[in-house]
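Peer 1: So here's data_38.cif, just mmCIF, C-alpha atoms and all ligand atoms:
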data_input
loop_
_atom_site.label_atom_id
_atom_site.label_comp_id
_atom_site.auth_asym_id
_atom_site.auth_seq_id
_atom_site.Cartn_x
_atom_site.Cartn_y
_atom_site.Cartn_z
CA MET A 1 -12.77 -0.49 25.07
CA GLU A 2 -9.53 1.41 24.65
CA ILE A 3 -7.77 2.03 21.32
CA ARG A 4 -4.08 2.90 21.53
CA GLU A 5 -0.86 2.61 19.62
CA LEU A 6 0.98 -0.66 20.23
CA LYS A 7 4.49 -0.51 21.68
CA SER A 8 7.32 -3.00 21.96
CA PHE A 9 6.02 -4.13 25.38
CA ASP A 10 2.86 -5.40 23.63
CA ALA A 11 4.92 -7.86 21.54
CA THR A 12 3.78 -11.05 23.32
CA SER A 13 0.06 -10.32 23.11
CA TYR A 14 0.42 -8.96 19.57
CA ARG A 15 2.18 -12.15 18.49
CA GLU A 16 -0.56 -14.33 20.03
CA LEU A 17 -3.33 -12.43 18.27
CA ARG A 18 -1.43 -12.38 14.99
CA VAL A 19 -0.92 -16.16 15.05
CA GLN A 20 -4.61 -16.58 15.87
CA ALA A 21 -5.53 -14.37 12.90
CA LEU A 22 -3.31 -16.31 10.53
CA ALA A 23 -4.69 -19.62 11.80
CA GLU A 24 -8.26 -18.42 11.33
CA TRP A 25 -7.90 -17.67 7.67
CA PRO A 26 -4.41 -17.73 6.14
CA PRO A 27 -5.08 -16.24 2.69
CA GLY A 28 -6.47 -13.06 4.16
CA PHE A 29 -3.19 -12.15 5.75
CA GLY A 30 -0.67 -13.39 3.24
CA SER A 31 1.77 -15.19 5.51
CA LEU A 32 1.82 -18.51 7.30
CA VAL A 33 1.32 -19.36 10.95
CA GLY A 34 4.61 -21.28 11.18
CA GLU A 35 6.62 -18.37 9.78
CA GLU A 36 5.08 -15.99 12.31
CA LYS A 37 5.74 -18.36 15.23
CA GLU A 38 9.38 -18.77 14.21
CA LYS A 39 10.14 -15.05 14.26
CA ALA A 40 12.33 -13.93 17.13
CA MET A 41 10.40 -11.91 19.71
CA GLU A 42 12.94 -9.10 19.19
CA GLU A 43 11.79 -8.89 15.58
CA THR A 44 8.19 -8.45 16.71
CA GLU A 45 9.27 -5.88 19.31
CA SER A 46 11.12 -3.84 16.73
CA PHE A 47 8.16 -4.13 14.33
CA LEU A 48 6.02 -2.54 17.04
CA THR A 49 8.42 0.31 17.57
CA GLY A 50 6.47 2.86 15.60
CA THR A 51 8.14 4.96 12.97
CA THR A 52 6.68 8.10 11.45
CA ASP A 53 5.74 5.90 8.48
CA ARG A 54 4.23 2.94 10.34
CA LYS A 55 2.01 2.56 13.38
CA LEU A 56 0.13 -0.38 14.80
CA PHE A 57 -2.99 0.22 16.84
CA GLY A 58 -4.64 -2.16 19.24
CA ALA A 59 -8.11 -2.49 20.75
CA PHE A 60 -8.13 -3.50 24.41
CA ALA A 61 -10.84 -4.95 26.64
CA GLY A 62 -9.30 -4.21 30.01
CA SER A 63 -5.69 -5.32 29.61
CA MET A 64 -6.51 -7.88 26.90
CA LEU A 65 -5.52 -7.11 23.31
CA THR A 66 -8.61 -7.96 21.24
CA GLY A 67 -7.91 -6.38 17.86
CA THR A 68 -5.22 -4.80 15.71
CA VAL A 69 -4.68 -2.73 12.59
CA ARG A 70 -1.53 -1.47 10.87
CA TYR A 71 -1.25 1.97 9.30
CA SER A 72 1.69 2.60 6.96
CA ARG A 73 2.72 5.38 4.69
CA TYR A 74 4.22 4.44 1.31
CA SER A 75 7.98 4.94 1.44
CA GLY A 76 8.88 6.02 -2.10
CA SER A 77 9.74 9.70 -2.47
CA ASN A 78 7.06 10.10 -5.12
CA GLU A 79 4.34 8.15 -3.29
CA GLY A 80 4.52 9.46 0.26
CA HIS A 81 1.15 11.15 -0.24
CA ARG A 82 -0.48 7.71 0.13
CA ALA A 83 -0.93 5.44 3.13
CA TYR A 84 -2.27 1.92 3.45
CA ILE A 85 -4.05 -0.13 6.03
CA ALA A 86 -3.40 -3.82 6.62
CA GLY A 87 -3.87 -6.58 9.18
CA LEU A 88 -7.25 -5.56 10.53
CA TYR A 89 -8.34 -8.32 12.89
CA VAL A 90 -10.64 -8.62 15.89
CA ASP A 91 -10.76 -11.68 18.14
CA PRO A 92 -14.03 -13.58 17.35
CA GLY A 93 -15.21 -13.33 20.98
CA HIS A 94 -15.02 -9.54 20.79
CA ARG A 95 -16.61 -8.90 17.38
CA ARG A 96 -19.70 -6.80 16.69
CA LYS A 97 -18.86 -4.48 19.57
CA GLY A 98 -17.34 -1.70 17.50
CA ALA A 99 -13.66 -2.60 17.83
CA GLY A 100 -13.07 -3.03 14.08
CA ARG A 101 -14.68 0.30 13.29
CA ALA A 102 -12.81 2.07 16.11
CA LEU A 103 -9.45 0.68 14.91
CA LEU A 104 -10.10 1.86 11.37
CA GLU A 105 -11.24 5.28 12.55
CA LYS A 106 -8.01 5.58 14.53
CA ALA A 107 -5.97 4.80 11.40
CA ILE A 108 -7.98 7.30 9.34
CA ASP A 109 -7.47 9.93 12.07
CA GLU A 110 -3.73 9.22 11.87
CA SER A 111 -3.75 10.00 8.14
CA LYS A 112 -5.53 13.30 8.79
CA LYS A 113 -2.78 14.45 11.15
CA ASP A 114 -0.40 14.48 8.20
CA GLN A 115 -1.35 17.19 5.72
CA THR A 116 0.52 15.46 2.90
CA ILE A 117 -1.57 12.27 2.95
CA ARG A 118 -4.24 12.40 0.26
CA ARG A 119 -5.36 8.78 0.04
CA ILE A 120 -5.50 5.53 2.01
CA ASN A 121 -5.48 2.21 0.19
CA LEU A 122 -6.11 -1.32 1.35
CA THR A 123 -6.68 -4.79 -0.03
CA VAL A 124 -9.23 -7.30 1.14
CA VAL A 125 -9.86 -10.88 0.06
CA SER A 126 -13.14 -10.93 -1.85
CA ASP A 127 -14.76 -13.45 0.54
CA GLN A 128 -14.41 -11.13 3.51
CA SER A 129 -17.83 -9.55 3.17
CA MET A 130 -17.96 -8.27 6.77
CA ALA A 131 -14.70 -6.38 6.33
CA ILE A 132 -15.77 -5.03 2.93
CA ARG A 133 -19.02 -3.71 4.44
CA LEU A 134 -17.07 -2.04 7.22
CA TYR A 135 -14.61 -0.41 4.79
CA GLN A 136 -17.44 0.85 2.59
CA SER A 137 -19.21 2.35 5.60
CA LEU A 138 -16.08 4.41 6.29
CA GLY A 139 -15.81 5.72 2.73
CA PHE A 140 -13.55 3.19 1.02
CA VAL A 141 -14.51 2.37 -2.57
CA GLU A 142 -13.47 -0.57 -4.71
CA CYS A 143 -10.87 0.39 -7.35
CA GLY A 144 -9.67 -2.93 -8.75
CA ILE A 145 -9.40 -6.68 -8.42
CA ASP A 146 -6.22 -8.73 -8.19
CA TYR A 147 -7.45 -12.07 -9.49
CA GLU A 148 -6.13 -15.24 -7.79
CA ALA A 149 -3.89 -13.16 -5.52
CA PHE A 150 -3.62 -15.90 -2.89
CA SER A 151 -3.80 -19.66 -2.92
CA ALA A 152 -4.47 -21.89 0.06
CA ARG A 153 -5.51 -25.52 0.33
CA GLY A 154 -5.75 -25.75 -3.47
CA LEU A 155 -8.14 -22.81 -3.72
CA PHE A 156 -7.48 -19.40 -5.25
CA PHE A 157 -8.69 -16.14 -3.76
CA ASP A 158 -9.21 -12.80 -5.47
CA GLU A 159 -8.17 -9.64 -3.68
CA ILE A 160 -10.18 -6.43 -3.94
CA LEU A 161 -8.31 -3.12 -3.94
CA MET A 162 -10.06 -0.30 -2.09
CA THR A 163 -9.20 3.36 -1.67
CA LYS A 164 -10.40 6.33 0.35
CA GLN A 165 -9.65 9.92 -0.53
CA ILE A 166 -8.69 12.09 2.42
CA GLU A 167 -10.32 15.46 1.93
CA ARG A 168 -7.78 18.25 1.54
CA SER A 169 -8.56 21.89 0.94
CA THR A 170 -5.93 22.48 -1.79
CA GLY A 171 -4.47 20.70 -4.83
CA ASN A 172 -5.97 18.60 -7.60
CA SER A 173 -8.24 15.63 -6.86
C1 LIG A 201 -13.95 -7.49 9.87
C2 LIG A 201 -13.70 -7.38 11.37
C3 LIG A 201 -12.37 -6.72 11.65
C4 LIG A 201 -14.84 -6.52 11.98
O1 LIG A 201 -14.54 -6.34 13.37
P1 LIG A 201 -15.71 -6.00 14.41
O2 LIG A 201 -15.08 -5.53 15.66
O3 LIG A 201 -16.65 -7.15 14.52
O4 LIG A 201 -16.43 -4.81 13.66
P2 LIG A 201 -17.45 -3.76 14.29
O5 LIG A 201 -18.16 -4.32 15.48
O6 LIG A 201 -16.74 -2.46 14.47
O7 LIG A 201 -18.50 -3.64 13.10
C5 LIG A 201 -18.28 -2.68 12.10
C6 LIG A 201 -19.08 -3.01 10.86
O8 LIG A 201 -18.58 -4.18 10.22
C7 LIG A 201 -19.64 -4.84 9.55
N1 LIG A 201 -19.78 -6.15 10.17
C8 LIG A 201 -19.00 -6.67 11.13
N2 LIG A 201 -19.41 -7.92 11.44
C9 LIG A 201 -20.47 -8.19 10.65
C10 LIG A 201 -21.35 -9.30 10.51
N3 LIG A 201 -21.19 -10.43 11.24
N4 LIG A 201 -22.34 -9.23 9.60
C11 LIG A 201 -22.50 -8.12 8.87
N5 LIG A 201 -21.71 -7.00 8.98
C12 LIG A 201 -20.73 -7.05 9.84
C13 LIG A 201 -20.87 -3.98 9.76
O9 LIG A 201 -20.93 -3.05 8.70
C14 LIG A 201 -20.54 -3.29 11.07
O10 LIG A 201 -21.22 -2.08 11.25
P3 LIG A 201 -22.61 -2.07 12.06
O11 LIG A 201 -22.31 -2.73 13.39
O12 LIG A 201 -22.88 -0.60 12.19
O13 LIG A 201 -23.58 -2.84 11.24
C15 LIG A 201 -13.78 -8.79 12.06
O14 LIG A 201 -14.98 -9.42 11.66
C16 LIG A 201 -12.59 -9.67 11.70
O15 LIG A 201 -11.56 -9.61 12.36
N6 LIG A 201 -12.76 -10.52 10.67
C17 LIG A 201 -11.71 -11.46 10.25
C18 LIG A 201 -10.48 -10.78 9.69
C19 LIG A 201 -10.78 -9.87 8.53
O16 LIG A 201 -11.66 -10.13 7.70
N7 LIG A 201 -9.99 -8.78 8.47
C20 LIG A 201 -10.01 -7.86 7.35
C21 LIG A 201 -8.76 -8.10 6.56
S1 LIG A 201 -8.66 -7.06 5.16
#
Can you turn what I pasted into structure tokens?
Peer 2:
Amino acid sequence: MEIRELKSFDATSYRELRVQALAEWPPGFGSLVGEEKEKAMEETESFLTGTTDRKLFGAFAGSMLTGTVRYSRYSGSNEGHRAYIAGLYVDPGHRRKGAGRALLEKAIDESKKDQTIRRINLTVVSDQSMAIRLYQSLGFVECGIDYEAFSARGLFFDEILMTKQIERSTGNS
């Protein structure tokens, strides 16, 4: 398994996996399959063109994209010391082989390269027990609940807020 940053040339396989993720469980990802499919490929390509504040990482089995995660730094001038992780997804046929953990570790490593990042946040739908267990094992702790954050098929889903402090040698905690 290889973990690397996604580039614009990965747009087609990224789009396929993203649509698959949305189709598997829409509330967890906050947008709809149809909307994703209708986006112009150029939009996806430019989304994958990393900026210093946003990077997407992919897990590959050979040349096949099997998992993704997005790492973003908050953009406000007074909140750039925080980053967040979103869109963690591994293709069902490739789960339980370490791809999810490796993607998250890559995102955490990215935060450590930047001395100003002190904290990584994420949100996870409360039903996603496998993801919650994975986040906890990498040091994320629950810090709040957004009740009824998503609705789908007449059901409402709570979202758990999680945070991980990135150890820094100076400053307050
Ligand atoms: C959550 C997800 C990304 C995990 O990916 P994965 O590649 O299977 O994860 P890994 O093989 O690296 O497993 C890492 C840890 O996750 C947890 N985990 C993953 N699958 C699990 C399962 N079926 N049962 C229990 N724990 C599980 C375990 O803690 C595991 O560590 P361990 O193998 O040391 O016990 C994957 O199940 C997925 O894509 N789920 C649907 C989308 C989703 O929930 N995304 C999170 C959005 S916030």
Peer 1: Separation of atom N4 of ligand LIG 201 (chain A) and CA of Gln136 in chain A, in Å?
Peer 2: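 Taking atom N4 of ligand LIG 201 (chain A) and CA of Gln136 in chain A, their separation equals 13.2 Å.
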Peer 1: Residues of range 32-108 of chain A within 9 Å of range 11-19 of chain A: nearest atom pair and distance (Å, one decimal) for each, counting all atoms listed in the file, sorted by chain and number, as a tab-separated table?
Peer 2:
residue	atom	partner	partner_atom	distance
A:Leu32	CA	A:Val19	CA	8.5
A:Val33	CA	A:Val19	CA	5.7
A:Gly34	CA	A:Val19	CA	8.5
A:Glu36	CA	A:Val19	CA	6.6
A:Lys37	CA	A:Val19	CA	7.0
A:Met41	CA	A:Ala11	CA	7.1
A:Glu42	CA	A:Ala11	CA	8.4
A:Thr44	CA	A:Ala11	CA	5.9
A:Glu45	CA	A:Ala11	CA	5.3
A:Ser46	CA	A:Ala11	CA	8.8
A:Phe47	CA	A:Ala11	CA	8.7
A:Leu48	CA	A:Ala11	CA	7.1
A:Gly58	CA	A:Tyr14	CA	8.5
A:Met64	CA	A:Ser13	CA	8.0
A:Leu65	CA	A:Ser13	CA	6.4
A:Thr66	CA	A:Leu17	CA	7.5
A:Gly67	CA	A:Leu17	CA	7.6
A:Thr68	CA	A:Tyr14	CA	8.0
A:Gly87	CA	A:Arg18	CA	8.6
A:Tyr89	CA	A:Arg18	CA	8.3
A:Val90	CA	A:Leu17	CA	8.6
A:Asp91	CA	A:Leu17	CA	7.5
Peer 1: As AutoDock Vina command-line options, please report the centre and edge lengths, rounded to one decimal in Å, of the axis-aligned box that holds all listed atoms of range 117-122 of chain A with 4 Å of padding on each of the six sides.
Peer 2:
--center_x -3.8 --center_y 5.5 --center_z 1.5 --size_x 12.5 --size_y 21.7 --size_z 10.9
Peer 1: Residues within 9 Å of ligand LIG 201 (chain A) should be enumerated using only C-alpha atoms and all ligand atoms and returned as JSON, numbers by chain.
Peer 2: {"A": [21, 24, 25, 28, 29, 66, 67, 68, 69, 85, 86, 87, 88, 89, 90, 91, 92, 94, 95, 96, 97, 98, 99, 100, 101, 102, 103, 104, 122, 123, 124, 125, 127, 128, 129, 130, 131, 132, 133, 134, 135, 136, 137]}
Peer 1: Could you give me, as a list of chain:residue names, the residues that have an atom at most 10 Å away from the point (-15.5, 3.4, -3.2) in the coordinates of the file, using all atoms listed in the file?
Peer 2: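 Output of the proximity query reads A:Tyr135, A:Gln136, A:Ser137, A:Leu138, A:Gly139, A:Phe140, A:Val141, A:Glu142, A:Cys143, A:Leu161, A:Met162, A:Thr163, A:Lys164, A:Gln165.
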Peer 1: Please measure the separation of CA of Ala107 in chain A and CA of Arg82 in chain A, giving the value in Å to one decimal.
Peer 2: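 If I compute the distance from CA of Ala107 in chain A to CA of Arg82 in chain A, I get 12.9 Å.
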Peer 1: All heavy atoms are needed for range 59-70 of chain A; please write them out as a CSV table (one decimal), keeping the file's coordinate frame.
Peer 2:
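Below is the file that was written, part-v8.csv:
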chain,number,residue,atom,x,y,z
A,59,ALA,N,-6.9,-2.7,20.0
A,59,ALA,CA,-8.1,-2.5,20.8
A,59,ALA,C,-8.0,-3.3,22.0
A,59,ALA,O,-7.5,-4.5,21.9
A,59,ALA,CB,-9.3,-2.9,19.9
A,60,PHE,N,-8.3,-2.8,23.1
A,60,PHE,CA,-8.1,-3.5,24.4
A,60,PHE,C,-9.5,-3.6,25.2
A,60,PHE,O,-10.2,-2.6,25.2
A,60,PHE,CB,-7.1,-2.8,25.3
A,60,PHE,CG,-5.7,-2.9,24.8
A,60,PHE,CD1,-5.2,-2.0,23.8
A,60,PHE,CD2,-4.8,-3.9,25.3
A,60,PHE,CE1,-3.9,-2.1,23.3
A,60,PHE,CE2,-3.5,-4.0,24.8
A,60,PHE,CZ,-3.1,-3.1,23.8
A,61,ALA,N,-9.7,-4.8,25.7
A,61,ALA,CA,-10.8,-5.0,26.6
A,61,ALA,C,-10.1,-5.2,28.0
A,61,ALA,O,-9.6,-6.2,28.2
A,61,ALA,CB,-11.7,-6.1,26.3
A,62,GLY,N,-10.1,-4.2,28.8
A,62,GLY,CA,-9.3,-4.2,30.0
A,62,GLY,C,-7.9,-4.2,29.5
A,62,GLY,O,-7.4,-3.4,28.7
A,63,SER,N,-7.1,-5.2,30.0
A,63,SER,CA,-5.7,-5.3,29.6
A,63,SER,C,-5.5,-6.3,28.4
A,63,SER,O,-4.4,-6.5,28.0
A,63,SER,CB,-4.8,-5.8,30.8
A,63,SER,OG,-5.3,-7.1,31.2
A,64,MET,N,-6.6,-6.9,27.9
A,64,MET,CA,-6.5,-7.9,26.9
A,64,MET,C,-6.6,-7.3,25.5
A,64,MET,O,-7.5,-6.5,25.2
A,64,MET,CB,-7.7,-8.9,27.0
A,64,MET,CG,-7.6,-10.0,26.0
A,64,MET,SD,-9.1,-11.0,26.2
A,64,MET,CE,-8.9,-12.1,24.8
A,65,LEU,N,-5.5,-7.6,24.7
A,65,LEU,CA,-5.5,-7.1,23.3
A,65,LEU,C,-6.5,-7.9,22.5
A,65,LEU,O,-6.5,-9.2,22.4
A,65,LEU,CB,-4.1,-7.3,22.7
A,65,LEU,CG,-3.9,-6.9,21.3
A,65,LEU,CD1,-4.2,-5.4,21.1
A,65,LEU,CD2,-2.6,-7.3,20.7
A,66,THR,N,-7.5,-7.2,21.9
A,66,THR,CA,-8.6,-8.0,21.2
A,66,THR,C,-8.7,-7.7,19.7
A,66,THR,O,-9.4,-8.3,19.0
A,66,THR,CB,-10.0,-7.6,21.9
A,66,THR,OG1,-10.1,-6.2,21.7
A,66,THR,CG2,-10.1,-8.0,23.3
A,67,GLY,N,-7.9,-6.7,19.3
A,67,GLY,CA,-7.9,-6.4,17.9
A,67,GLY,C,-6.7,-5.5,17.5
A,67,GLY,O,-6.1,-4.9,18.3
A,68,THR,N,-6.4,-5.6,16.2
A,68,THR,CA,-5.2,-4.8,15.7
A,68,THR,C,-5.5,-4.3,14.3
A,68,THR,O,-6.3,-4.8,13.5
A,68,THR,CB,-3.9,-5.7,15.6
A,68,THR,OG1,-4.1,-6.7,14.8
A,68,THR,CG2,-3.5,-6.2,17.0
A,69,VAL,N,-4.8,-3.2,14.0
A,69,VAL,CA,-4.7,-2.7,12.6
A,69,VAL,C,-3.3,-2.0,12.4
A,69,VAL,O,-2.8,-1.5,13.4
A,69,VAL,CB,-5.8,-1.8,12.3
A,69,VAL,CG1,-5.7,-0.4,12.9
A,69,VAL,CG2,-6.0,-1.6,10.7
A,70,ARG,N,-2.8,-2.1,11.2
A,70,ARG,CA,-1.5,-1.5,10.9
A,70,ARG,C,-1.8,-0.3,9.9
A,70,ARG,O,-2.5,-0.5,8.9
A,70,ARG,CB,-0.6,-2.5,10.3
A,70,ARG,CG,0.8,-2.0,10.1
A,70,ARG,CD,1.8,-3.1,9.7
A,70,ARG,NE,1.9,-3.4,8.3
A,70,ARG,CZ,1.6,-4.5,7.7
A,70,ARG,NH1,1.2,-5.6,8.5
A,70,ARG,NH2,1.7,-4.7,6.5
